[in-house]
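Chemist: This is the content of target25.txt (compact mmCIF, C-alpha atoms):
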```txt
# COMPACT_ATOMS: atom_id res chain seq x y z
CA MET H 1 39.40 -1.73 6.16
CA ASN H 2 36.60 -4.26 6.57
CA ALA H 3 34.29 -2.12 4.40
CA ASP H 4 36.92 -2.10 1.61
CA ARG H 5 37.26 -5.88 1.87
CA GLU H 6 33.49 -6.31 1.45
CA ARG H 7 33.18 -3.85 -1.42
CA PRO H 8 32.43 -5.82 -4.64
CA PRO H 9 34.69 -5.42 -7.66
CA SER H 10 33.60 -3.21 -10.52
CA VAL H 11 31.48 -4.88 -13.18
CA ASP H 12 34.19 -4.29 -15.78
CA ALA H 13 36.94 -5.76 -13.62
CA LEU H 14 34.91 -8.87 -12.83
CA ALA H 15 33.95 -9.27 -16.51
CA ARG H 16 37.60 -9.04 -17.57
CA SER H 17 38.55 -11.70 -15.03
CA LEU H 18 36.19 -14.06 -16.87
CA THR H 19 37.92 -13.59 -20.24
CA PRO H 20 39.45 -17.13 -20.22
CA SER H 21 35.91 -18.48 -20.68
CA GLY H 22 36.12 -17.37 -24.32
CA LEU H 23 32.79 -15.57 -24.18
CA PRO H 24 32.36 -12.11 -25.76
CA HIS H 25 32.95 -9.21 -23.38
CA PRO H 26 29.36 -7.86 -23.56
CA VAL H 27 28.09 -11.26 -22.41
CA LEU H 28 30.65 -11.34 -19.60
CA VAL H 29 29.49 -7.88 -18.48
CA ASP H 30 25.93 -9.20 -18.18
CA ILE H 31 27.14 -12.22 -16.21
CA ALA H 32 29.32 -10.09 -13.91
CA ARG H 33 26.47 -7.68 -13.25
CA ALA H 34 24.08 -10.56 -12.42
CA ALA H 35 26.59 -12.07 -9.99
CA ILE H 36 27.17 -8.72 -8.26
CA ASP H 37 23.44 -7.96 -8.06
CA ALA H 38 22.90 -11.37 -6.48
CA GLY H 39 25.55 -10.60 -3.86
CA ASP H 40 27.49 -13.67 -5.00
CA VAL H 41 30.60 -12.51 -6.82
CA GLU H 42 32.19 -15.94 -6.41
CA SER H 43 29.49 -17.44 -8.66
CA ALA H 44 30.60 -15.43 -11.68
CA GLY H 45 32.90 -18.16 -12.99
CA ALA H 46 30.21 -20.83 -12.67
CA ARG H 47 27.69 -18.53 -14.33
CA ALA H 48 30.05 -17.97 -17.28
CA GLU H 49 30.61 -21.71 -17.65
CA ALA H 50 26.86 -22.39 -17.49
CA PHE H 51 26.26 -19.80 -20.22
CA ARG H 52 29.01 -21.26 -22.39
CA ARG H 53 27.50 -24.72 -22.10
CA SER H 54 24.05 -23.39 -23.00
CA LEU H 55 25.33 -22.55 -26.50
CA LEU H 56 25.30 -25.08 -29.36
CA THR H 57 28.08 -27.47 -28.38
CA PRO H 58 29.64 -30.45 -30.19
CA VAL H 59 29.14 -33.65 -28.21
CA VAL H 60 29.93 -37.34 -28.51
CA ASN H 61 26.74 -39.32 -29.01
CA ALA H 62 27.15 -42.62 -27.13
CA THR H 63 23.40 -43.22 -26.72
CA GLY H 64 23.17 -45.79 -29.50
CA VAL H 65 20.52 -43.67 -31.27
CA LEU H 66 22.22 -42.87 -34.56
CA LEU H 67 19.76 -40.17 -35.64
CA HIS H 68 19.18 -38.50 -32.29
CA THR H 69 16.73 -35.63 -32.74
CA ASN H 70 17.96 -33.81 -29.62
CA LEU H 71 21.53 -34.08 -30.92
CA GLY H 72 20.89 -32.77 -34.42
CA ARG H 73 19.91 -36.05 -36.13
CA ALA H 74 22.34 -37.02 -38.91
CA PRO H 75 25.89 -35.97 -38.04
CA LEU H 76 27.24 -34.13 -41.07
CA SER H 77 30.54 -32.49 -41.93
CA HIS H 78 30.30 -29.69 -44.46
CA HIS H 79 32.68 -26.84 -45.31
CA GLN H 80 31.91 -23.88 -47.51
CA ASP H 81 34.35 -21.07 -48.21
CA ALA H 82 33.31 -17.47 -47.62
CA SER H 83 32.74 -16.82 -51.29
CA ALA H 84 29.83 -15.98 -53.53
CA VAL H 85 27.91 -19.05 -54.75
CA THR H 86 25.57 -19.48 -57.73
CA VAL H 87 22.50 -19.96 -55.56
CA GLU H 88 20.29 -18.11 -58.07
CA PHE H 89 22.66 -17.37 -60.94
CA ASP H 90 22.90 -19.14 -64.30
CA LEU H 91 26.52 -19.32 -65.46
CA ALA H 92 25.46 -20.26 -69.00
CA THR H 93 23.31 -17.17 -69.60
CA GLY H 94 24.67 -14.74 -67.03
CA SER H 95 21.15 -14.09 -65.82
CA ARG H 96 19.12 -15.02 -62.75
CA GLY H 97 18.73 -18.76 -62.28
CA SER H 98 16.63 -21.09 -60.16
CA ARG H 99 17.51 -21.73 -56.52
CA GLN H 100 16.12 -25.23 -56.99
CA HIS H 101 17.90 -26.32 -60.17
CA ALA H 102 21.39 -27.38 -59.04
CA VAL H 103 20.44 -29.67 -56.17
CA GLY H 104 17.00 -30.49 -57.54
CA GLN H 105 18.42 -32.18 -60.62
CA LEU H 106 20.69 -34.37 -58.49
CA LEU H 107 17.93 -35.38 -56.10
CA ALA H 108 15.60 -36.11 -59.02
CA ARG H 109 18.26 -38.40 -60.49
CA LEU H 110 18.65 -40.22 -57.18
CA CYS H 111 14.88 -40.64 -56.73
CA GLY H 112 14.11 -41.64 -60.31
CA ALA H 113 11.87 -38.56 -60.53
CA GLU H 114 11.16 -36.02 -63.24
CA ALA H 115 11.94 -33.14 -60.89
CA ALA H 116 12.71 -32.32 -57.26
CA MET H 117 12.85 -29.27 -55.02
CA VAL H 118 14.09 -28.46 -51.52
CA VAL H 119 12.43 -26.67 -48.60
CA ASN H 120 13.50 -26.22 -44.99
CA ASN H 121 12.03 -29.42 -43.50
CA ASN H 122 9.59 -32.21 -44.29
CA ALA H 123 6.70 -30.54 -42.45
CA ALA H 124 7.15 -27.61 -44.82
CA ALA H 125 7.29 -30.00 -47.77
CA VAL H 126 3.93 -31.55 -46.85
CA MET H 127 2.42 -28.13 -46.14
CA LEU H 128 3.60 -26.72 -49.48
CA VAL H 129 2.33 -29.71 -51.47
CA LEU H 130 -1.11 -29.46 -49.85
CA ALA H 131 -1.29 -25.69 -50.27
CA ALA H 132 -0.17 -25.78 -53.90
CA LEU H 133 -2.19 -28.77 -55.04
CA ALA H 134 -5.22 -29.05 -52.76
CA ALA H 135 -6.15 -25.69 -51.20
CA GLY H 136 -9.93 -25.45 -50.96
CA ARG H 137 -10.32 -29.10 -51.93
CA ASP H 138 -10.36 -32.49 -50.18
CA VAL H 139 -7.48 -34.85 -49.39
CA ALA H 140 -8.09 -38.46 -48.42
CA VAL H 141 -5.98 -39.80 -45.53
CA SER H 142 -6.27 -43.12 -43.71
CA ARG H 143 -7.34 -42.76 -40.09
CA GLY H 144 -4.37 -44.97 -39.21
CA GLU H 145 -2.02 -42.39 -40.76
CA SER H 146 -3.56 -39.23 -39.30
CA VAL H 147 -0.65 -39.05 -36.89
CA GLU H 148 1.13 -36.71 -34.53
CA ILE H 149 4.92 -36.78 -34.54
CA GLY H 150 7.56 -34.85 -32.60
CA GLY H 151 6.88 -31.21 -31.77
CA SER H 152 3.08 -31.65 -31.91
CA PHE H 153 3.14 -31.89 -35.72
CA ARG H 154 -0.34 -33.24 -36.45
CA VAL H 155 -1.53 -34.17 -39.92
CA PRO H 156 -5.07 -32.73 -39.43
CA GLU H 157 -3.66 -29.40 -38.24
CA VAL H 158 -1.17 -29.17 -41.10
CA MET H 159 -4.01 -29.96 -43.48
CA GLU H 160 -6.10 -27.16 -41.98
CA GLN H 161 -3.28 -24.62 -42.20
CA SER H 162 -2.67 -25.50 -45.86
CA GLY H 163 -6.27 -24.73 -46.78
CA ALA H 164 -7.02 -28.33 -47.78
CA ARG H 165 -9.82 -30.35 -46.20
CA LEU H 166 -9.15 -33.70 -44.55
CA VAL H 167 -11.29 -36.67 -45.52
CA ASP H 168 -10.88 -39.55 -43.06
CA VAL H 169 -10.67 -42.96 -44.69
CA GLY H 170 -11.06 -46.42 -43.17
CA THR H 171 -10.30 -47.19 -39.54
CA THR H 172 -7.31 -46.83 -37.25
CA ASN H 173 -6.07 -50.34 -37.91
CA ARG H 174 -7.50 -51.27 -41.33
CA THR H 175 -7.86 -49.17 -44.45
CA ARG H 176 -8.53 -50.85 -47.80
CA LEU H 177 -8.42 -49.58 -51.37
CA ASP H 178 -12.22 -49.63 -51.57
CA ASP H 179 -12.33 -47.31 -48.54
CA TYR H 180 -10.32 -44.72 -50.49
CA ARG H 181 -12.40 -45.23 -53.62
CA ARG H 182 -15.68 -44.73 -51.82
CA ALA H 183 -14.34 -41.65 -50.06
CA ILE H 184 -13.15 -39.84 -53.18
CA GLU H 185 -16.27 -40.78 -55.14
CA ARG H 186 -18.70 -39.30 -52.60
CA SER H 187 -20.86 -36.55 -54.03
CA ASP H 188 -19.85 -34.14 -51.26
CA VAL H 189 -16.10 -34.70 -51.80
CA ASP H 190 -13.93 -32.74 -54.25
CA ALA H 191 -10.85 -34.92 -54.03
CA ALA H 192 -7.56 -33.36 -55.10
CA LEU H 193 -5.14 -35.91 -53.65
CA VAL H 194 -4.66 -39.08 -51.66
CA LEU H 195 -2.01 -38.55 -49.00
CA LYS H 196 -0.18 -41.59 -47.64
CA VAL H 197 1.70 -40.70 -44.45
CA HIS H 198 4.75 -42.40 -42.95
CA PRO H 199 3.81 -43.52 -39.40
CA SER H 200 7.14 -42.12 -38.11
CA ASN H 201 7.80 -43.15 -34.51
CA TYR H 202 4.93 -45.53 -33.92
CA ARG H 203 3.73 -48.83 -35.31
CA VAL H 204 0.36 -50.62 -35.25
CA GLU H 205 0.63 -54.40 -35.17
CA GLY H 206 -1.83 -57.28 -35.09
CA PHE H 207 -5.16 -57.11 -36.95
CA VAL H 208 -4.05 -54.46 -39.45
CA GLU H 209 -4.30 -53.71 -43.15
CA GLU H 210 -3.16 -50.82 -45.29
CA SER H 211 -3.21 -49.99 -48.99
CA PRO H 212 0.23 -49.73 -50.61
CA VAL H 213 1.12 -46.99 -53.08
CA ARG H 214 0.84 -49.33 -56.08
CA GLU H 215 -2.85 -49.89 -55.24
CA LEU H 216 -3.59 -46.25 -54.44
CA ALA H 217 -2.07 -45.27 -57.79
CA THR H 218 -5.02 -46.94 -59.54
CA LEU H 219 -7.37 -44.29 -58.16
CA ASP H 220 -8.47 -41.26 -60.19
CA VAL H 221 -6.52 -38.70 -58.15
CA PRO H 222 -2.75 -38.23 -57.65
CA VAL H 223 -1.09 -40.00 -54.73
CA VAL H 224 1.38 -38.09 -52.54
CA ALA H 225 3.52 -40.38 -50.39
CA ASP H 226 5.05 -38.72 -47.34
CA ILE H 227 7.81 -41.29 -46.80
CA GLY H 228 9.20 -39.17 -43.98
CA SER H 229 12.54 -40.77 -43.15
CA GLY H 230 14.13 -40.20 -46.53
CA LEU H 231 15.34 -43.62 -47.64
CA LEU H 232 16.30 -43.04 -51.27
CA ASP H 233 16.28 -46.60 -52.56
CA ALA H 234 15.20 -49.80 -50.80
CA THR H 235 18.04 -51.70 -52.50
CA CYS H 236 20.66 -49.39 -50.87
CA PRO H 237 23.06 -49.50 -53.86
CA TRP H 238 25.54 -47.35 -51.92
CA LEU H 239 26.16 -50.16 -49.39
CA PRO H 240 28.70 -52.93 -50.12
CA GLY H 241 26.24 -55.75 -49.43
CA ALA H 242 22.54 -56.38 -49.13
CA PRO H 243 20.30 -53.79 -47.46
CA PRO H 244 20.30 -54.18 -43.65
CA SER H 245 17.41 -56.23 -42.33
CA TRP H 246 16.16 -53.41 -40.11
CA LEU H 247 15.23 -51.42 -43.23
CA ALA H 248 12.74 -54.07 -44.38
CA GLY H 249 9.39 -52.39 -44.94
CA GLU H 250 10.77 -48.84 -44.78
CA PRO H 251 9.24 -46.85 -47.68
CA ALA H 252 11.75 -45.52 -50.20
CA ALA H 253 11.59 -42.75 -52.80
CA VAL H 254 12.62 -44.78 -55.85
CA GLN H 255 10.15 -47.58 -55.20
CA SER H 256 7.29 -45.26 -54.17
CA LEU H 257 7.58 -43.29 -57.41
CA ALA H 258 7.99 -46.47 -59.47
CA ASP H 259 4.80 -47.79 -57.85
CA GLY H 260 2.88 -44.78 -59.10
CA ALA H 261 3.15 -42.02 -56.49
CA ALA H 262 2.87 -38.63 -58.17
CA LEU H 263 5.07 -37.05 -55.50
CA VAL H 264 7.11 -38.14 -52.49
CA THR H 265 8.15 -35.92 -49.60
CA PHE H 266 10.85 -36.71 -47.06
CA SER H 267 13.38 -35.31 -44.60
CA GLY H 268 16.98 -34.50 -45.41
CA ASP H 269 18.47 -35.17 -41.98
CA LYS H 270 17.25 -38.72 -41.35
CA LEU H 271 18.06 -41.71 -43.57
CA LEU H 272 19.28 -39.35 -46.29
CA ALA H 273 22.06 -38.46 -43.78
CA GLY H 274 22.16 -34.80 -44.76
CA PRO H 275 21.22 -31.41 -43.28
CA GLN H 276 17.75 -30.49 -42.04
CA ALA H 277 15.66 -30.04 -45.16
CA GLY H 278 12.50 -31.25 -46.83
CA ILE H 279 12.51 -32.75 -50.33
CA ILE H 280 9.63 -32.90 -52.80
CA ALA H 281 10.25 -35.20 -55.78
CA GLY H 282 8.17 -36.69 -58.57
CA SER H 283 6.03 -35.31 -61.38
CA GLY H 284 7.65 -32.35 -63.11
CA GLU H 285 4.32 -30.58 -63.53
CA LEU H 286 3.36 -30.97 -59.85
CA VAL H 287 6.80 -29.96 -58.56
CA GLU H 288 6.61 -26.85 -60.75
CA ARG H 289 3.24 -25.94 -59.25
CA CYS H 290 4.84 -26.21 -55.80
CA ARG H 291 7.76 -24.03 -56.91
CA ARG H 292 5.41 -21.32 -58.16
CA HIS H 293 3.28 -21.19 -55.02
CA PRO H 294 3.85 -18.10 -52.82
CA LEU H 295 4.50 -20.29 -49.77
CA ALA H 296 7.59 -21.73 -51.52
CA ARG H 297 9.50 -18.52 -50.84
CA ALA H 298 8.68 -18.64 -47.13
CA VAL H 299 10.04 -22.17 -46.75
CA ARG H 300 12.97 -22.08 -49.17
CA PRO H 301 16.43 -23.12 -47.93
CA GLY H 302 19.56 -21.00 -47.88
CA GLY H 303 22.82 -21.52 -49.70
CA LEU H 304 24.46 -23.40 -46.82
CA VAL H 305 21.73 -26.06 -46.78
CA LEU H 306 21.77 -26.34 -50.56
CA GLY H 307 25.55 -26.67 -50.58
CA ALA H 308 25.46 -29.40 -47.93
CA LEU H 309 22.69 -31.25 -49.78
CA GLN H 310 24.65 -31.05 -53.02
CA ASP H 311 27.62 -32.71 -51.31
CA VAL H 312 25.32 -35.42 -49.93
CA ALA H 313 23.75 -36.08 -53.34
CA LEU H 314 27.14 -36.29 -55.03
CA ALA H 315 28.34 -38.70 -52.34
CA TYR H 316 25.48 -41.07 -53.21
CA LEU H 317 26.05 -40.77 -56.95
CA ASP H 318 29.81 -41.36 -56.53
CA LYS H 319 29.19 -44.37 -54.21
CA ARG H 320 30.91 -42.51 -51.35
CA ALA H 321 28.01 -42.65 -48.89
CA THR H 322 29.70 -45.07 -46.47
CA THR H 323 32.87 -42.97 -46.35
CA ASP H 324 31.55 -39.40 -46.58
CA LEU H 325 28.23 -39.67 -44.72
CA ALA H 326 28.68 -40.44 -41.04
CA PHE H 327 25.30 -42.13 -40.58
CA TRP H 328 25.88 -44.69 -43.32
CA ALA H 329 29.46 -45.24 -42.13
CA MET H 330 28.03 -46.15 -38.71
CA VAL H 331 25.41 -48.44 -40.27
CA ALA H 332 27.98 -50.19 -42.48
CA THR H 333 30.42 -50.91 -39.62
CA PRO H 334 30.45 -54.67 -38.89
CA VAL H 335 29.41 -55.55 -35.35
CA ALA H 336 32.76 -57.30 -34.88
CA ALA H 337 34.53 -54.00 -35.49
CA VAL H 338 32.29 -52.21 -32.98
CA ARG H 339 33.00 -54.98 -30.46
CA SER H 340 36.76 -54.60 -30.98
CA ARG H 341 36.52 -50.87 -30.32
CA ALA H 342 34.49 -51.47 -27.14
CA GLU H 343 37.09 -53.94 -25.88
CA GLN H 344 39.86 -51.43 -26.54
CA VAL H 345 38.01 -48.75 -24.57
CA VAL H 346 37.50 -51.18 -21.67
CA ALA H 347 41.18 -52.12 -21.69
CA ALA H 348 42.10 -48.43 -21.46
CA VAL H 349 39.82 -47.65 -18.49
CA VAL H 350 39.51 -50.89 -16.51
CA ASP H 351 42.21 -49.89 -14.02
CA ALA H 352 40.15 -46.81 -13.15
CA HIS H 353 36.74 -48.50 -13.53
CA GLU H 354 37.03 -52.11 -12.43
CA SER H 355 33.41 -52.80 -13.39
CA ALA H 356 33.93 -51.75 -17.02
CA THR H 357 32.95 -54.47 -19.51
CA ALA H 358 32.30 -54.72 -23.23
CA VAL H 359 28.71 -55.87 -23.78
CA SER H 360 26.37 -56.40 -26.71
CA MET H 361 23.76 -53.69 -27.24
CA ASP H 362 20.96 -52.79 -29.62
CA SER H 363 21.29 -49.50 -31.48
CA LEU H 364 18.35 -47.60 -32.93
CA PRO H 365 18.13 -45.75 -36.26
CA GLY H 366 16.26 -42.95 -34.44
CA ALA H 367 14.28 -39.86 -35.50
CA GLY H 368 11.18 -41.91 -36.29
CA SER H 369 13.02 -43.97 -38.92
CA ALA H 370 12.16 -47.69 -39.03
CA PRO H 371 10.14 -47.55 -35.78
CA GLY H 372 10.39 -50.55 -33.51
CA VAL H 373 13.55 -52.02 -35.06
CA THR H 374 17.14 -52.22 -33.84
CA MET H 375 20.59 -53.09 -35.16
CA PRO H 376 23.23 -55.14 -33.30
CA SER H 377 25.98 -53.21 -31.59
CA PHE H 378 28.55 -53.28 -28.81
CA GLY H 379 29.48 -50.83 -26.11
CA VAL H 380 30.87 -50.26 -22.65
CA GLU H 381 28.95 -50.85 -19.43
CA ILE H 382 30.11 -49.42 -16.08
CA ALA H 383 28.53 -49.61 -12.63
CA GLY H 384 26.86 -46.44 -11.37
CA ASP H 385 25.26 -43.41 -12.95
CA LEU H 386 27.99 -41.39 -14.67
CA LEU H 387 25.73 -39.34 -16.94
CA GLY H 388 26.34 -36.03 -15.15
CA PRO H 389 30.14 -36.26 -15.04
CA LEU H 390 30.25 -37.41 -18.67
CA ARG H 391 28.15 -34.41 -19.74
CA ARG H 392 30.51 -32.09 -17.88
CA HIS H 393 33.52 -33.40 -19.78
CA ASP H 394 34.97 -31.27 -22.58
CA PRO H 395 33.71 -32.26 -25.10
CA PRO H 396 30.59 -33.64 -23.41
CA VAL H 397 29.77 -37.33 -23.78
CA ILE H 398 26.07 -38.24 -23.90
CA ALA H 399 25.32 -41.77 -22.70
CA ARG H 400 22.36 -43.61 -21.09
CA THR H 401 21.70 -45.61 -17.94
CA ARG H 402 19.87 -48.80 -17.07
CA ASP H 403 19.58 -50.45 -13.64
CA ASP H 404 22.16 -48.03 -12.15
CA ARG H 405 24.71 -48.87 -14.84
CA THR H 406 26.07 -46.47 -17.43
CA LEU H 407 25.94 -47.65 -21.05
CA LEU H 408 28.00 -46.17 -23.89
CA ASP H 409 27.02 -47.60 -27.28
CA LEU H 410 29.88 -47.25 -29.75
CA ARG H 411 27.91 -47.70 -32.98
CA SER H 412 26.72 -44.10 -32.70
CA VAL H 413 30.26 -42.88 -31.90
CA LEU H 414 32.74 -41.98 -34.62
CA PRO H 415 35.92 -44.10 -34.25
CA SER H 416 37.92 -40.89 -33.95
CA ASP H 417 35.96 -40.09 -30.77
CA ASP H 418 36.83 -43.34 -28.96
CA ALA H 419 39.75 -41.49 -27.38
CA VAL H 420 37.32 -38.88 -26.06
CA ILE H 421 35.27 -41.67 -24.46
CA VAL H 422 38.42 -42.98 -22.75
CA ASP H 423 39.45 -39.54 -21.51
CA ALA H 424 35.94 -38.83 -20.21
CA LEU H 425 35.72 -42.13 -18.34
CA LEU H 426 39.16 -41.65 -16.78
CA ALA H 427 38.15 -38.14 -15.72
CA THR H 428 34.99 -39.44 -14.04
CA ALA H 429 37.11 -41.92 -12.08
CA SER H 430 39.46 -39.21 -10.85
CA VAL H 431 36.52 -37.06 -9.75
CA SER H 432 34.85 -39.88 -7.82
```
Could the structure of this file be written out as structure tokens, please?

Modeler:
Amino acid sequence: MNADRERPPSVDALARSLTPSGLPHPVLVDIARAAIDAGDVESAGARAEAFRRSLLTPVVNATGVLLHTNLGRAPLSHHQDASAVTVEFDLATGSRGSRQHAVGQLLARLCGAEAAMVVNNNAAAVMLVLAALAAGRDVAVSRGESVEIGGSFRVPEVMEQSGARLVDVGTTNRTRLDDYRRAIERSDVDAALVLKVHPSNYRVEGFVEESPVRELATLDVPVVADIGSGLLDATCPWLPGAPPSWLAGEPAAVQSLADGAALVTFSGDKLLAGPQAGIIAGSGELVERCRRHPLARAVRPGGLVLGALQDVALAYLDKRATTDLAFWAMVATPVAAVRSRAEQVVAAVVDAHESATAVSMDSLPGAGSAPGVTMPSFGVEIAGDLLGPLRRHDPPVIARTRDDRTLLDLRSVLPSDDAVIVDALLATASVS
């Protein structure tokens, strides 16, 4: 009798008991077997839940970082029916078409460029440009722009992998036009390009000097401007008013090309507010050379990315960016409206969390965009560290802490998710 009581259930029976988790049966079999092998059958449910939460999961971003790299950067809604799409088919001729034409023509229009193409991220865009235009030759880069950004992406290493040779110019804090000129005119240098690199998530201040694109464009070699964050136009014509002050100094595609850059490269999932992608825009002849390079096939995007980017481009052209693109909707929300939402959340939870208050906060663009700047916001502050319980809520809420107080910034939260914030905070109170 005691032996029967101690005998573990069959793997199949235990796996079937975990069916409410929603996980596929083969996964549940693995989980059940692991629990039985560990001599801890009771842990099977917790193991299934842990596995479920290890999958890609929608969350509410209350960190105040609008483009949070760990949370997928620009939040984007895109639907595509399960139907064939003219990814490489020309409806006019009935023959094979270009994967780059449909979206490329829209992005070129937005950038004021002759042509544009799409790859899978901005690192790939830079790599492809260097490989196609400068392999076996020299590329001049300011020492102050020879940077490393997230994921150990280093300009010198990308340069090496592309087959181009890096020529350091100037100093870390000051690089003048004459520094570039002397570098590319050296007898031992076969200069193909000047590469100007967005500093991404760092900024040098104080005794500094750099050469803008309009000056570099006077040199005898093409200028490629890696503007990184993907601001299309410094005037932000898609916004109802003037460009926000925190964008001052952020390089933009339209202005960089107008100032003489031969090409610009930038990300799709930062200030463009689209899917992860890399865009190359500018001279038609140079873009075509990038398209024809063998590496272009290895870094090309799929139909889902192209479809999402097409929707994003059309939203800009139709002046729907602040309604259809979540990032720009968050940016365009007046601080008074964010404050009102924070006060409503506090009113809904104050009986459960007496310390809850609506407080002013500073949101960040994030993802290396406009480094060192903030935008005014409002959120909810509650005593104690509630990060763990908030993450365990369904859907999870991601917040931050400071001085043993939990902060939930509502500028990075969609208004439709305010109710989720309330539910999550009430649940944490009932648990405690």

Chemist: Might you pull out every residue within 10 Å of Glu354 of chain H, with all atoms listed in the file counted and same-chain residues fewer than 5 positions away left off, and present them as a VMD selection string?

Modeler: chain H and resid 346 349 382 to 383

Chemist: From the list H:Gly268, H:Gly72, H:Pro8, H:Pro20, which residue is nearest Asp37 of chain H when using all atoms listed in the file?

Modeler: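 That would be H:Pro8, the residue with the smallest distance to Asp37 of chain H.
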
Chemist: Could you check how far atom CA of His393 of chain H sits from atom CA of Gly368 of chain H, in Å to one decimal?

Modeler: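 Distance between the two atoms: 29.1 Å.
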
Chemist: Between atom CA of Ala62 of chain H and atom CA of Arg341 of chain H, what is the spacing in Å?

Modeler: 12.9 Å

Chemist: May I ask which of the residues H:Arg165, H:Arg143, H:Arg182, H:Arg99 is the closest one to Arg291 of chain H, counting only C-alpha atoms?

Modeler: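 Under the stated criterion, the closest residue is H:Arg99.
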
Chemist: Could you make a table, as a tab-separated table, of the residues of segment 21-136 of chain H that have an atom within 12 Å of an atom of segment 317-324 of chain H, each with its nearest atom pair and distance in Å to one decimal, counting only C-alpha atoms, in chain and number order?

Modeler:
```
residue	atom	partner	partner_atom	distance
H:Pro75	CA	H:Asp324	CA	10.8
H:Leu76	CA	H:Asp324	CA	8.8
H:Ser77	CA	H:Asp324	CA	8.4
H:His78	CA	H:Asp324	CA	10.0
H:Leu106	CA	H:Leu317	CA	8.5
H:Leu107	CA	H:Leu317	CA	9.8
H:Ala108	CA	H:Leu317	CA	11.6
H:Arg109	CA	H:Leu317	CA	8.9
H:Leu110	CA	H:Leu317	CA	7.4
H:Cys111	CA	H:Leu317	CA	11.2
```

Chemist: What does the distance between atom CA of Ala313 of chain H and atom CA of Gly278 of chain H come to in Å, to one decimal place?

Modeler: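 About the pair atom CA of Ala313 of chain H and atom CA of Gly278 of chain H: they are 13.9 Å apart.
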
Chemist: With a distance cut-off of 10 Å and only C-alpha atoms, select the neighbouring residues of Gly163 of chain H, excluding the residue or stretch itself and same-chain residues fewer than 5 positions from it, and output the selection as number ranges by chain.

Modeler: H: 127, 130-132, 134-138, 158

Chemist: For Gly228 of chain H, which residue among H:Ala123, H:Ser340, H:Gly282, H:Leu195 is the nearest when counting all atoms listed in the file?

Modeler: H:Ala123

Chemist: Calculated over all atoms listed in the file, which of the candidates H:Ser43, H:Thr63, H:Thr333, H:Ser95 has the smallest distance to Asp362 of chain H?

Modeler: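 Closest residue, counting all atoms listed in the file: H:Thr63.
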
Chemist: What's around Pro334 of chain H at 10 Å? Count all atoms listed in the file, leave out sequence neighbours fewer than 3 positions away in its own chain, and write the answer as a list of chain:residue names.

Modeler: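 Contacts, in chain order: H:Met330, H:Val331, H:Ala337, H:Val338, H:Arg339, H:Pro376, H:Ser377, H:Arg411.
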
Chemist: Report as a list in words all protein, DNA and RNA residues lying within 12 Å of Thr218 of chain H, evaluated on only C-alpha atoms, omitting residues in the same chain fewer than 5 positions from it.

Modeler: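 Returned residues: Leu177, Asp178, Tyr180, Arg181, Val194, Ser211, Pro212, Val213, Val223, Asp259, Gly260, Ala261 and Ala262 of chain H.
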
Chemist: Just to be explicit: take each residue in the selection above, keep C-alpha atoms, and write the result as a PDB file, in the coordinates of the input.

Modeler:
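So again.pdb came out as:
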```
ATOM      1  CA  LEU H 177      -8.420 -49.580 -51.370  1.00  0.00           C
ATOM      2  CA  ASP H 178     -12.220 -49.630 -51.570  1.00  0.00           C
ATOM      3  CA  TYR H 180     -10.320 -44.720 -50.490  1.00  0.00           C
ATOM      4  CA  ARG H 181     -12.400 -45.230 -53.620  1.00  0.00           C
ATOM      5  CA  VAL H 194      -4.660 -39.080 -51.660  1.00  0.00           C
ATOM      6  CA  SER H 211      -3.210 -49.990 -48.990  1.00  0.00           C
ATOM      7  CA  PRO H 212       0.230 -49.730 -50.610  1.00  0.00           C
ATOM      8  CA  VAL H 213       1.120 -46.990 -53.080  1.00  0.00           C
ATOM      9  CA  VAL H 223      -1.090 -40.000 -54.730  1.00  0.00           C
ATOM     10  CA  ASP H 259       4.800 -47.790 -57.850  1.00  0.00           C
ATOM     11  CA  GLY H 260       2.880 -44.780 -59.100  1.00  0.00           C
ATOM     12  CA  ALA H 261       3.150 -42.020 -56.490  1.00  0.00           C
ATOM     13  CA  ALA H 262       2.870 -38.630 -58.170  1.00  0.00           C
TER      14      ALA H 262
END
```

Chemist: Counting only C-alpha atoms, which of H:Ser98, H:Ser146, H:Ser245, H:Thr171 gets nearest to Thr374 of chain H?

Modeler: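 Closest candidate: H:Ser245.
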
Chemist: Kindly extract all protein, DNA and RNA residues lying within 6 Å of the coordinates (-5.8, -40.7, -44.5) given in the file, considering only C-alpha atoms, and supply them as a PyMOL selection string.

Modeler: chain H and resi 140-143+145-146+168-169

Chemist: When you count all atoms listed in the file, which of these residues is closest to Val167 of chain H: H:Arg402, H:Arg154, H:Arg186, H:Arg53?

Modeler: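 Using all atoms listed in the file, the shortest distance to Val167 of chain H belongs to H:Arg186.
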